[in-house]
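Report on one structure; see the data block that follows.
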Amino acid sequence: MHTPVSLLAFEAEKSSDHKQADAVAGVTTDAAVTDVEAAVMEGAPASFKTLDDLAKDASTCRLCSLADTRNQVVFGVGNPQADLMFIGEAPGQEEDLKGEPFVGRAGQLLDRMLHALKLDREKVYIMNTIKCRPPNNRDPRPDEVQACNLWFDQQLDMVQPKMICLLGRVAAQTILQSDAPLGSLRGRWHDYQGIPVWVTYHPAYLLRSPRQKEKSWQDMRQLQQRIQALNSSGAVA
Ligand code: SF4
């Protein structure tokens, strides 16, 4: 698990303070240090938390009404230091049951798309704009997206991807704050908070509309070219 540099520095500073205090008090037990660290971490600001800490916090979230109908929060999966992040719209039925984004047939198709990019789930980070399943798979409402921004923004800050690929109309329109149809958002680079953003079809849509797969592979090829350009410039690990 990735530990932020700021946390390492913070931990070193804390450790030093504990040792001095313990020396004055005449106690130098590791248990005392561990207890204090646990207490400090419990109330730690977001900047000192890891992605796992954040997922744990989100797992009990009730900031919007989707908490009443979900089975579980679907936080995100993959490499917490990924250079490439995929973002879909919201968990579906299978994701809601399993607690993982993009499972089932759509997930398998996403895996094949990743394979075409010479990637897999361990090398990228995958999440949705909102973390709980809307009833009957309806589009997320603006108030739900707004509420879930609390988690979305922190995930993005922690992973700090160098590129984002938005999967499907809802994710694209939500993140890019656009009413434009997916067709006009595809095929050109966008920007989200300084991060290059690419748009393509959602794998579930491709399963319903297999004729669009060719366009999807074109999107993947262009995404791959950008990844290779970043790789050759040394910007992508
Ligand atoms: S969708 Fe997001 S904001 Fe709403 S309950 Fe789930 S985790 Fe919380």
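Each chain in the structure tokens gets a letter, A, B, ..., in the order shown, and its residues are numbered from 1; ligands are numbered from 1 in order too.
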TODO: Mind checking which residues fall within 10 Å of region 182-195 of chain A, counting only C-alpha atoms, ignoring those fewer than 6 positions away in the same chain, and posting them as a ChimeraX atom specification?
DONE: /A:156,160-173,175-176,201,215-216,218-219,222-223
Open item on the list: List the spatial neighbours of Gly76 (chain A) as a list in words - criterion: any atom at most 8 Å away, only C-alpha atoms, same-chain residues fewer than 4 positions off excluded.
Closed with: Glu100, Pro101, Tyr125, Ile126, Met127 and Asn128 of chain A
Residues of chain A at most 7 Å from ligand 1: nearest atom pair and distance in Å, only C-alpha atoms and all ligand atoms, as a tab-separated table:
```
residue	atom	partner	partner_atom_place_in_ligand_line	distance
A:Ala58	CA	ligand 1	7 (S)	5.7
A:Cys61	CA	ligand 1	8 (Fe)	4.3
A:Arg62	CA	ligand 1	5 (S)	4.2
A:Leu63	CA	ligand 1	3 (S)	4.5
A:Cys64	CA	ligand 1	4 (Fe)	4.0
A:Ser65	CA	ligand 1	5 (S)	6.2
A:Leu66	CA	ligand 1	5 (S)	5.1
A:Ala67	CA	ligand 1	5 (S)	4.2
A:Val73	CA	ligand 1	7 (S)	5.9
A:Ile130	CA	ligand 1	1 (S)	5.0
A:Lys131	CA	ligand 1	1 (S)	4.6
A:Cys132	CA	ligand 1	1 (S)	4.2
A:Glu144	CA	ligand 1	4 (Fe)	5.7
A:Ala147	CA	ligand 1	3 (S)	4.5
A:Cys148	CA	ligand 1	3 (S)	3.7
```
TODO: Just the helix (DSSP H, G or I) stuff from region 74-191 of chain A, please, per backbone DSSP, written as an MDAnalysis selection string.
DONE: chainID A and resid 93:98 104:116 135:137 142:159 169:176 182:185
Task: 10 Å contact set for Glu95 (chain A), only C-alpha atoms, chain neighbours under 2 positions out, as a ChimeraX atom specification - done: /A:71-74,90-93,97-104,107,131-133
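Nearest to Glu94 (chain A) of all the residues A:Ser233, A:Asn137, A:Gln154, A:Gln224 is A:Asn137, based on only C-alpha atoms.
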Task: For CA of Thr129 (chain A) and CA of Asn149 (chain A), the interatomic separation in Å (one decimal) - done: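 CA of Asn149 (chain A) lies 7.8 Å from CA of Thr129 (chain A).
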Task: strand (DSSP E or B) residues, from DSSP on the backbone, in region 41-235 of chain A, as a VMD selection string - done: chain A and resid 77 to 78 84 to 88 125 to 128 163 to 167 190 to 192 195 to 200
Open item on the list: Restricting the calculation to only C-alpha atoms: of A:Phe48, A:Tyr205, A:Phe75, A:Trp217, which residue gets closest to Met158 (chain A)?
Closed with: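 Closest to Met158 (chain A), using only C-alpha atoms: A:Phe48.
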Task: d(CA of Pro203 (chain A), CA of Gln155 (chain A)) in Å - done: 22.4 Å
